[in-house]
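Structure data follow from query_2.cif (mmCIF, C-alpha atoms):
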```
data_data
#
loop_
_atom_site.group_PDB
_atom_site.id
_atom_site.type_symbol
_atom_site.label_atom_id
_atom_site.label_comp_id
_atom_site.auth_asym_id
_atom_site.auth_seq_id
_atom_site.Cartn_x
_atom_site.Cartn_y
_atom_site.Cartn_z
ATOM 1 C CA SER A 221 0.829 51.702 -18.104
ATOM 2 C CA TYR A 222 -0.841 48.918 -20.031
ATOM 3 C CA PHE A 223 -2.338 45.723 -18.640
ATOM 4 C CA TYR A 224 -2.702 42.547 -20.668
ATOM 5 C CA ARG A 225 -3.280 38.836 -20.366
ATOM 6 C CA ALA A 226 -3.084 35.891 -22.712
ATOM 7 C CA PHE A 227 -5.956 33.528 -23.270
ATOM 8 C CA ALA A 228 -6.730 30.307 -25.091
ATOM 9 C CA ILE A 229 -10.033 28.840 -26.167
ATOM 10 C CA ASN A 230 -10.606 25.240 -27.183
ATOM 11 C CA GLU A 231 -13.289 22.581 -26.937
ATOM 12 C CA ARG A 232 -12.633 22.243 -23.198
ATOM 13 C CA GLY A 233 -13.228 25.933 -22.466
ATOM 14 C CA GLU A 234 -11.249 29.086 -21.876
ATOM 15 C CA SER A 235 -8.014 29.597 -20.027
ATOM 16 C CA PHE A 236 -6.494 32.933 -18.959
ATOM 17 C CA SER A 237 -2.996 33.832 -17.833
ATOM 18 C CA SER A 238 -2.334 36.154 -14.949
ATOM 19 C CA ILE A 239 -2.591 39.868 -15.647
ATOM 20 C CA LYS A 240 0.694 41.489 -16.666
ATOM 21 C CA LYS A 241 1.617 45.154 -16.697
ATOM 22 C CA ILE A 242 4.005 47.047 -18.952
ATOM 23 C CA LYS A 243 5.015 50.668 -18.602
ATOM 24 C CA THR A 244 6.002 52.740 -21.580
ATOM 25 C CA LYS A 245 8.186 55.798 -21.478
ATOM 26 C CA THR A 246 6.308 59.038 -21.280
ATOM 27 C CA PHE A 247 6.822 61.284 -24.257
ATOM 28 C CA SER A 248 5.820 64.888 -24.067
ATOM 29 C CA ILE A 249 4.614 66.234 -27.373
ATOM 30 C CA TRP A 250 6.265 69.606 -26.640
ATOM 31 C CA GLN A 251 9.657 68.071 -27.243
ATOM 32 C CA GLY A 252 8.904 67.524 -30.927
ATOM 33 C CA GLU A 253 11.054 65.176 -32.931
ATOM 34 C CA LEU A 254 13.978 64.238 -30.713
ATOM 35 C CA THR A 255 17.391 63.047 -31.777
ATOM 36 C CA ASP A 256 19.773 61.403 -29.317
ATOM 37 C CA ILE A 257 23.114 63.178 -29.526
ATOM 38 C CA GLU A 258 25.489 61.760 -26.895
ATOM 39 C CA ALA A 259 26.041 61.700 -23.135
ATOM 40 C CA GLY A 260 22.285 61.990 -22.525
ATOM 41 C CA TRP A 261 21.816 65.121 -24.660
ATOM 42 C CA LYS A 262 18.714 65.344 -26.854
ATOM 43 C CA SER A 263 18.115 67.619 -29.817
ATOM 44 C CA SER A 264 14.590 68.898 -30.452
ATOM 45 C CA ASN A 265 13.674 70.017 -33.953
ATOM 46 C CA TRP A 266 12.510 73.370 -32.533
ATOM 47 C CA PHE A 267 13.682 73.707 -28.919
ATOM 48 C CA GLY A 268 17.389 73.004 -29.384
ATOM 49 C CA HIS A 269 19.655 70.839 -27.231
ATOM 50 C CA PHE A 270 18.899 69.755 -23.675
ATOM 51 C CA ILE A 271 19.451 66.969 -21.172
ATOM 52 C CA PRO A 272 16.307 65.583 -19.522
ATOM 53 C CA TYR A 273 16.485 64.438 -15.896
ATOM 54 C CA ASP A 274 13.951 62.912 -13.511
ATOM 55 C CA ASN A 275 10.964 64.920 -12.254
ATOM 56 C CA ASN A 276 10.749 67.099 -15.402
ATOM 57 C CA LEU A 277 14.089 68.764 -14.715
ATOM 58 C CA ILE A 278 16.097 69.720 -17.796
ATOM 59 C CA PHE A 279 19.339 71.485 -18.551
ATOM 60 C CA HIS A 280 18.945 73.483 -21.766
ATOM 61 C CA GLN A 281 22.060 74.521 -23.679
ATOM 62 C CA ASN A 282 20.942 78.152 -23.735
ATOM 63 C CA ILE A 283 18.558 78.845 -20.884
ATOM 64 C CA GLY A 284 20.174 76.572 -18.297
ATOM 65 C CA TRP A 285 18.269 74.691 -15.585
ATOM 66 C CA ALA A 286 14.481 74.555 -15.742
ATOM 67 C CA ILE A 287 11.555 72.389 -14.809
ATOM 68 C CA ALA A 288 9.732 71.618 -18.066
ATOM 69 C CA ILE A 289 6.043 70.741 -17.983
ATOM 70 C CA GLY A 290 4.081 70.206 -21.180
ATOM 71 C CA ASP A 291 0.764 71.995 -21.534
ATOM 72 C CA THR A 292 -2.411 70.330 -22.811
ATOM 73 C CA VAL A 293 -1.554 70.913 -26.473
ATOM 74 C CA ASP A 294 2.078 71.066 -27.589
ATOM 75 C CA GLY A 295 3.652 73.916 -25.630
ATOM 76 C CA VAL A 296 5.859 73.805 -22.570
ATOM 77 C CA TRP A 297 5.984 75.742 -19.302
ATOM 78 C CA LEU A 298 9.513 76.280 -18.042
ATOM 79 C CA MET A 299 10.102 77.147 -14.385
ATOM 80 C CA THR A 300 13.396 78.977 -14.066
ATOM 81 C CA GLU A 301 15.009 80.285 -10.914
ATOM 82 C CA LYS A 302 15.415 83.854 -12.147
ATOM 83 C CA TYR A 303 12.255 84.404 -14.217
ATOM 84 C CA GLY A 304 9.735 81.965 -12.774
ATOM 85 C CA TRP A 305 7.275 80.480 -15.266
ATOM 86 C CA LEU A 306 7.933 80.961 -18.975
ATOM 87 C CA TRP A 307 5.864 79.439 -21.783
ATOM 88 C CA THR A 308 6.794 78.624 -25.368
ATOM 89 C CA THR A 309 5.997 76.229 -28.195
ATOM 90 C CA ALA A 310 7.129 75.319 -31.704
ATOM 91 C CA GLY A 311 6.604 78.276 -34.005
ATOM 92 C CA VAL A 312 6.888 80.669 -31.053
ATOM 93 C CA TRP A 313 10.349 79.782 -29.692
ATOM 94 C CA PRO A 314 12.680 81.735 -29.146
ATOM 95 C CA HIS A 315 9.881 83.974 -27.841
ATOM 96 C CA LEU A 316 8.748 83.112 -24.313
ATOM 97 C CA TYR A 317 5.669 84.332 -22.491
ATOM 98 C CA TRP A 318 6.765 85.573 -19.045
ATOM 99 C CA HIS A 319 3.868 84.724 -16.736
ATOM 100 C CA GLU A 320 4.997 86.822 -13.759
ATOM 101 C CA ASN A 321 5.044 90.046 -15.806
ATOM 102 C CA SER A 322 2.367 89.070 -18.351
ATOM 103 C CA ASN A 323 4.594 89.956 -21.276
ATOM 104 C CA TRP A 324 6.941 88.464 -23.828
ATOM 105 C CA LEU A 325 10.663 87.864 -23.794
ATOM 106 C CA TYR A 326 12.881 87.048 -26.734
ATOM 107 C CA PHE A 327 15.831 84.736 -26.135
ATOM 108 C CA LEU A 328 18.884 86.229 -27.863
ATOM 109 C CA LYS A 329 21.887 84.192 -26.795
ATOM 110 C CA ASN A 330 23.827 82.812 -23.885
ATOM 111 C CA ILE A 331 26.881 84.678 -22.620
ATOM 112 C CA ASN A 332 29.115 83.023 -20.012
ATOM 113 C CA GLY A 333 26.356 80.598 -19.056
ATOM 114 C CA GLN A 334 23.694 83.308 -18.658
ATOM 115 C CA PRO A 335 20.712 83.644 -21.007
ATOM 116 C CA ILE A 336 20.176 87.097 -22.505
ATOM 117 C CA TYR A 337 16.572 88.099 -23.211
ATOM 118 C CA TYR A 338 14.915 91.118 -24.760
ATOM 119 C CA ASP A 339 11.945 92.288 -22.661
ATOM 120 C CA TYR A 340 9.305 93.707 -25.010
ATOM 121 C CA SER A 341 7.289 95.472 -22.290
ATOM 122 C CA GLU A 342 10.326 97.383 -20.993
ATOM 123 C CA SER A 343 12.073 97.706 -24.386
ATOM 124 C CA ARG A 344 15.325 96.589 -22.805
ATOM 125 C CA TYR A 345 17.723 93.676 -22.599
ATOM 126 C CA LEU A 346 17.740 91.478 -19.520
ATOM 127 C CA ALA A 347 21.365 90.604 -18.990
ATOM 128 C CA PRO A 348 23.453 89.666 -15.985
ATOM 129 C CA PRO A 349 25.781 92.372 -14.661
ATOM 130 C CA PRO A 350 29.278 92.257 -16.149
ATOM 131 C CA ALA A 351 31.845 90.207 -14.262
ATOM 132 C CA PRO A 352 34.218 92.265 -12.083
#
```

As structure tokens:
Amino acid sequence: SYFYRAFAINERGESFSSIKKIKTKTFSIWQGELTDIEAGWKSSNWFGHFIPYDNNLIFHQNIGWAIAIGDTVDGVWLMTEKYGWLWTTAGVWPHLYWHENSNWLYFLKNINGQPIYYDYSESRYLAPPPAP
């Protein structure tokens, strides 16, 4: 938010307007250079395609629903239902630090709406069970 007021000075003195307030849109540096695609979708130069919603909620084309909160530099913490808090940044993505297990995941691809990760600490793939 920014506050401003106009003023004028002449030989009779000074005059001030009332204080006005403008709010600018918040931009998180973690998003990088964004391009508007269509239907609310954004494209990040490093993070891929996602739709931002209120309260830091996003839907990412590959990892699905997450709460995205920028860190103090240029990374992002992603709260996901299945894996909890994951962290990544430009130059690190598609690697994600998995806070709960204190290790790294590698995002491979999305199959039938489910993200597939490689878990470095377990040397295995984290994939949903096959559909019946």

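Taking atom CA of A:Val293 and atom CA of A:Glu253 as endpoints, the distance between them is 15.3 Å.
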
I'd like the residues picked by the PyMOL selection byres ((chain A and resi 313) around 9) written out as a ChimeraX atom specification, using the chain letters and numbers from the file. /A:266-267,308-312,314-316,326-327

Emit the selected residues as a JSON list (two decimals), in the coordinates of the input, including C-alpha atoms.
```json
[["chain", "number", "residue", "atom", "x", "y", "z"],
["A", 266, "TRP", "CA", 12.51, 73.37, -32.53],
["A", 267, "PHE", "CA", 13.68, 73.71, -28.92],
["A", 308, "THR", "CA", 6.79, 78.62, -25.37],
["A", 309, "THR", "CA", 6.00, 76.23, -28.20],
["A", 310, "ALA", "CA", 7.13, 75.32, -31.70],
["A", 311, "GLY", "CA", 6.60, 78.28, -34.01],
["A", 312, "VAL", "CA", 6.89, 80.67, -31.05],
["A", 314, "PRO", "CA", 12.68, 81.74, -29.15],
["A", 315, "HIS", "CA", 9.88, 83.97, -27.84],
["A", 316, "LEU", "CA", 8.75, 83.11, -24.31],
["A", 326, "TYR", "CA", 12.88, 87.05, -26.73],
["A", 327, "PHE", "CA", 15.83, 84.74, -26.14]]
```

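Of the residues listed (A:Gly284, A:Gly304, A:Gly333, A:Pro272), A:Gly304 shows the shortest atom-to-atom separation from A:Tyr317; distances use all atoms listed in the file.
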
Selection result of the PyMOL selection byres ((chain A and resi 285) around 10) on this file, as a PyMOL selection string: chain A and resi 270-271+277-284+286-288+298-301

Those residues with C-alpha atoms, as a PDB file, in the frame of the given file please?
```pdb
ATOM      1  CA  PHE A 270      18.899  69.755 -23.675  1.00  0.00           C
ATOM      2  CA  ILE A 271      19.451  66.969 -21.172  1.00  0.00           C
ATOM      3  CA  LEU A 277      14.089  68.764 -14.715  1.00  0.00           C
ATOM      4  CA  ILE A 278      16.097  69.720 -17.796  1.00  0.00           C
ATOM      5  CA  PHE A 279      19.339  71.485 -18.551  1.00  0.00           C
ATOM      6  CA  HIS A 280      18.945  73.483 -21.766  1.00  0.00           C
ATOM      7  CA  GLN A 281      22.060  74.521 -23.679  1.00  0.00           C
ATOM      8  CA  ASN A 282      20.942  78.152 -23.735  1.00  0.00           C
ATOM      9  CA  ILE A 283      18.558  78.845 -20.884  1.00  0.00           C
ATOM     10  CA  GLY A 284      20.174  76.572 -18.297  1.00  0.00           C
ATOM     11  CA  ALA A 286      14.481  74.555 -15.742  1.00  0.00           C
ATOM     12  CA  ILE A 287      11.555  72.389 -14.809  1.00  0.00           C
ATOM     13  CA  ALA A 288       9.732  71.618 -18.066  1.00  0.00           C
ATOM     14  CA  LEU A 298       9.513  76.280 -18.042  1.00  0.00           C
ATOM     15  CA  MET A 299      10.102  77.147 -14.385  1.00  0.00           C
ATOM     16  CA  THR A 300      13.396  78.977 -14.066  1.00  0.00           C
ATOM     17  CA  GLU A 301      15.009  80.285 -10.914  1.00  0.00           C
TER      18      GLU A 301
END
```

Need to verify the contact set: A:Ile257, 12 Å, only C-alpha atoms, exclusion of same-chain residues closer than 2 positions in sequence. Can you return it as an MDAnalysis selection string? chainID A and resid 254:255 259:264 268:271

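For A:Lys241, the set of protein, DNA and RNA residues having any atom at most 8 Å away, when counting all atoms listed in the file and skipping those fewer than 6 positions along the same chain, is A:Ser221, A:Tyr222, A:Phe223, A:Tyr224.
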